[in-house]
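This report concerns only the one structure given below.
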Amino acid sequence: MEKIIEVRGISKAYGKRKMKEKIHAVRDVSFHVNRGEVVGLLGPNGAGKTSTIKMLCGLLESDAGSIHINGLDICKKRLKALEHISAVLEGNRNLYWRLTVRENLEYFAGNRGYSRKQVAYQADKLLEQFNLKDKENELVNGLSRGMQQKLAIAVALLANTDVILLDEPTLGLDVEVSYELRNILNRIVKEEQRTIIISSHDMPVVQELCDRVIIINKGEVVIDDRVENLLKLFETRAYSMKLGEGLSVDQENKLLSKFPLSTYTTSSHETIVEVNLEHSQDIYELFDLLKEEGTMVESIDRITIDFEQVFVQIVKGGMTNEMAASIQC
Amino acid sequence: MKWLHLFSANFRKEYIEMKRYLPNTIALVFTFYIIFLAAFFGIMFIGDPASFDMNVQYSIVSVVFWSLTMMTMNFIGFSVVTEATRGTLEQIYMSPMGVWKIMLTRIIA
């Protein structure tokens with residue numbers, strides 16, 4: 001696959017007032033993004049995501065290393081490289097609040113050298129896609145945060161670039177608007193095959209949209225892998241069983257000795273056993289244990305892990321690419 | 001052609017914002033007029049009556065140039081600060097046309 005973004009060993013350190021030593025926000029970060037790929041750039045607060053994104057779009061100069069966008073070095077041929085990249089940084093702050101929705105779209109397109117006529121059709125299409133058509137003549141000032149966020153993304157899409165960087169596209173949005181925005185982005189990803197880099201703390205967005213994730217922690221890339229591989233890596237054989245009646249003391253002891261990671265909770269209206277099996281066949285042993293005293297099983301559900309739990313385990317557990325690869329082997 | 005589109009977009013934006021911030025625009029024109037009047041009448045009171053006509057000509061030219069220079073310098077600084085506060089400065093820096101071209105077209109506009 002053709003690499004549209006190539007980042008080689010970039011570093012960035014910031015000087016702190018009255019302190020001699022510098023704070024290293026990004027250390028020797030390398031990765032690439034293929035054309036048409038949707039990549040999530042994740043990490044806890046202060047991990048170096050925004051610095052990396054700002055270096056990618058030429059707003060910050062790296063202290064070391066190089067960034068190539070479509071083969072063009074962002075430091076040496078900045079303006080040429082910027083023809084291939086657009087970004088939404090800080091969401092709704094990227095707009096002129098005293099201009100209307102359409103005027104914002106036209107103004108930013110004009111700043112890239114496009115005429116109003118050239119972008120008229122595409123602007124109409126985007127306004128339809130983002131459900132902003134009936135608001136096109138309203139001032140941005142009067143729009144809700146969700147609508148402003150949608151407009152900021154529409155502005156970036158109107159630039160018609162190969163790569164789009166979205167920094168926290170769903171930050172501060174309510175569940176409904178966040179869901180709507182996720183669906184719109186999903187449709188764009190499928191229909192337009194754009195290369196998108198999303199930096200977000202909203203894990204459902206990342207899980208749904210991204211093909212691959214790059215996790216940065218303390219300024220270094222700790223994981224660079226496909227989302228499904230990471231989900232598989234942390235997949236558990238955990239089940240939740242709802243029982244017809246409580247377990248006897250003997251059964252409870254046996255359960256805890258055979259399955260040390262299991263939990264058993266009983267109340268007046270339900271009894272739940274949660275077990276984490278080491279091997280799939282261990283479930284037969286569990287059934288045997290329940291069968292001993294004729295305990296009825298009302299329902300069995302597999303406990304699935306979502307990407308948010310995977311992210312927390314990677315960041316808190318200090319996992320690296322090498323460790324992930326060795327587990328997969 | 002890209003230059004033309006860039007100029008047209010910035011001219012339109014400046015015109016729209018001038019219309020929407022009408023009190024600001026009126027205040028700006030009014031201030032300019034007051035300064036001009038102050039300079040004009042100042043010469044009448046302070047200046048030499050023998051060379052009044054020449055003084056008026058010089059003062060008109062110097063007031064106009066002084067105002068234009070001040071406005072241009074103020075405009076660039078004010079524009080950068082406002083854009084940074086709004087959060088739109090980053091978008092301008094990310095334009096492949098280059099930030100100085102955008103600022104130049106705005107000054108002309």
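Order determines the names: the first chain of the structure tokens is A, the second B, and so forth; residues in each chain are numbered 1 upward, and ligands are numbered 1 upward as they are shown.
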
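Residue list for chain B within 6 Å of chain A: Lys2, His5, Leu6, Ala9, Gly87, Thr88, Ser95 and Pro96 of chain B, counting only C-alpha atoms.
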
Checklist entry - Neighbours of Phe75 of chain B within 9 Å (only C-alpha atoms; same-chain residues fewer than 5 positions away dropped), as a list in words? => result Met70, Val80 and Ile107 of chain B

Checklist entry - Any idea what's packed within 6 Å of segment 209-226 of chain A, counting only C-alpha atoms, ignoring anything in its chain fewer than 3 positions away? Could you give it as JSON, numbers by chain? => result {"A": [25, 26, 27, 29, 38, 39, 40, 41, 42, 43, 47, 48, 205, 206, 229, 320, 321]}

Non-local contacts of Arg106 of chain B (9 Å; only C-alpha atoms; under 4 positions in same chain excluded) as a short mmCIF file (atom, residue, chain, number, x, y, z; two decimals) with N, CA and C atoms, in the first residue's frame:
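So the final result, stored in part-v3.cif, reads:
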data_model
loop_
_atom_site.label_atom_id
_atom_site.label_comp_id
_atom_site.auth_asym_id
_atom_site.auth_seq_id
_atom_site.Cartn_x
_atom_site.Cartn_y
_atom_site.Cartn_z
N PHE B 7 -7.96 36.82 -2.77
CA PHE B 7 -8.31 38.23 -2.53
C PHE B 7 -9.82 38.38 -2.42
N ASN B 10 -11.11 37.13 0.93
CA ASN B 10 -10.76 38.01 2.06
C ASN B 10 -11.48 39.35 1.98
N PHE B 11 -11.65 39.86 0.74
CA PHE B 11 -12.38 41.12 0.57
C PHE B 11 -13.82 40.94 1.05
N LYS B 13 -14.98 38.67 3.13
CA LYS B 13 -15.03 38.47 4.59
C LYS B 13 -14.93 39.81 5.32
N GLU B 14 -13.97 40.65 4.89
CA GLU B 14 -13.79 41.94 5.54
C GLU B 14 -15.06 42.80 5.40
N ILE B 76 -2.57 44.63 11.29
CA ILE B 76 -1.82 43.36 11.29
C ILE B 76 -1.76 42.80 12.71
N LYS B 101 0.49 35.94 2.43
CA LYS B 101 -0.39 36.28 1.30
C LYS B 101 -1.79 36.61 1.82
N ILE B 102 -2.25 35.82 2.80
CA ILE B 102 -3.59 36.06 3.36
C ILE B 102 -3.63 37.42 4.04
#

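Closest approach to Ile196 of chain A among A:Lys150, A:Thr295, A:Asn34, A:Leu165 is made by A:Leu165 (distances from only C-alpha atoms).
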
Next on the checklist: Residues within 12 Å of segment 272-283 of chain A, please, as a ChimeraX atom specification. Count only C-alpha atoms; anything in the same chain fewer than 4 positions from it doesn't count.
Outcome noted: /A:235-247,251-252,255-268,287-290,296-304

Next on the checklist: Residues within 12 Å of Asn183 of chain A, please, as a list in words. Count only C-alpha atoms; anything in the same chain fewer than 3 positions from it doesn't count.
Outcome noted: Gln129, Phe130, Asn131, Lys150, Thr170, Glu176, Val177, Ser178, Tyr179, Glu180, Asn186, Arg187, Ile188, Val189, Lys190, Pro204, Val205, Glu208 and Leu209 of chain A

Could the residues in this selection be written to a file with N, CA and C atoms, as an mmCIF file, in the first residue's frame?
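Listed below is the output, part19.cif:
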data_model
loop_
_atom_site.group_PDB
_atom_site.id
_atom_site.type_symbol
_atom_site.label_atom_id
_atom_site.label_comp_id
_atom_site.auth_asym_id
_atom_site.auth_seq_id
_atom_site.Cartn_x
_atom_site.Cartn_y
_atom_site.Cartn_z
ATOM 1 N N GLN A 129 -24.942 16.427 3.866
ATOM 2 C CA GLN A 129 -24.363 15.302 4.626
ATOM 3 C C GLN A 129 -24.353 15.577 6.126
ATOM 4 N N PHE A 130 -24.037 16.814 6.499
ATOM 5 C CA PHE A 130 -23.905 17.151 7.912
ATOM 6 C C PHE A 130 -25.193 17.725 8.518
ATOM 7 N N ASN A 131 -26.300 17.593 7.770
ATOM 8 C CA ASN A 131 -27.612 18.095 8.218
ATOM 9 C C ASN A 131 -27.546 19.572 8.616
ATOM 10 N N LYS A 150 -19.632 20.070 13.633
ATOM 11 C CA LYS A 150 -19.910 19.465 12.328
ATOM 12 C C LYS A 150 -19.438 20.402 11.216
ATOM 13 N N THR A 170 -15.205 14.678 18.832
ATOM 14 C CA THR A 170 -16.466 14.558 19.598
ATOM 15 C C THR A 170 -16.344 15.142 21.010
ATOM 16 N N GLU A 176 -26.099 12.116 21.857
ATOM 17 C CA GLU A 176 -26.861 12.078 20.602
ATOM 18 C C GLU A 176 -26.051 12.670 19.444
ATOM 19 N N VAL A 177 -25.471 13.853 19.667
ATOM 20 C CA VAL A 177 -24.700 14.522 18.599
ATOM 21 C C VAL A 177 -23.429 13.731 18.299
ATOM 22 N N SER A 178 -22.817 13.202 19.360
ATOM 23 C CA SER A 178 -21.600 12.403 19.183
ATOM 24 C C SER A 178 -21.907 11.182 18.305
ATOM 25 N N TYR A 179 -23.056 10.559 18.548
ATOM 26 C CA TYR A 179 -23.471 9.389 17.766
ATOM 27 C C TYR A 179 -23.716 9.787 16.310
ATOM 28 N N GLU A 180 -24.396 10.938 16.121
ATOM 29 C CA GLU A 180 -24.690 11.431 14.768
ATOM 30 C C GLU A 180 -23.396 11.723 14.007
ATOM 31 N N ASN A 186 -18.398 7.883 9.676
ATOM 32 C CA ASN A 186 -18.365 6.502 9.189
ATOM 33 C C ASN A 186 -18.756 6.453 7.709
ATOM 34 N N ARG A 187 -19.800 7.220 7.363
ATOM 35 C CA ARG A 187 -20.271 7.264 5.973
ATOM 36 C C ARG A 187 -19.190 7.867 5.071
ATOM 37 N N ILE A 188 -18.558 8.927 5.545
ATOM 38 C CA ILE A 188 -17.513 9.587 4.746
ATOM 39 C C ILE A 188 -16.337 8.638 4.529
ATOM 40 N N VAL A 189 -15.960 7.949 5.604
ATOM 41 C CA VAL A 189 -14.841 6.994 5.527
ATOM 42 C C VAL A 189 -15.133 5.933 4.467
ATOM 43 N N LYS A 190 -16.372 5.411 4.481
ATOM 44 C CA LYS A 190 -16.725 4.339 3.535
ATOM 45 C C LYS A 190 -16.870 4.858 2.110
ATOM 46 N N PRO A 204 -15.466 4.542 21.721
ATOM 47 C CA PRO A 204 -16.406 3.979 20.741
ATOM 48 C C PRO A 204 -16.188 4.543 19.335
ATOM 49 N N VAL A 205 -15.813 5.832 19.247
ATOM 50 C CA VAL A 205 -15.528 6.454 17.941
ATOM 51 C C VAL A 205 -14.326 5.764 17.307
ATOM 52 N N GLU A 208 -15.093 2.182 16.216
ATOM 53 C CA GLU A 208 -15.972 2.081 15.050
ATOM 54 C C GLU A 208 -15.304 2.572 13.766
ATOM 55 N N LEU A 209 -14.501 3.618 13.869
ATOM 56 C CA LEU A 209 -13.981 4.236 12.647
ATOM 57 C C LEU A 209 -12.590 3.785 12.235
#

Next on the checklist: Let's see if you can do this: from backbone DSSP, list all alpha helix (DSSP H) residues in segment 40-275 of chain A, as a ChimeraX atom specification.
Outcome noted: /A:49-56,78-82,101-110,116-129,145-158,175-192,203-209,227-233,249-258
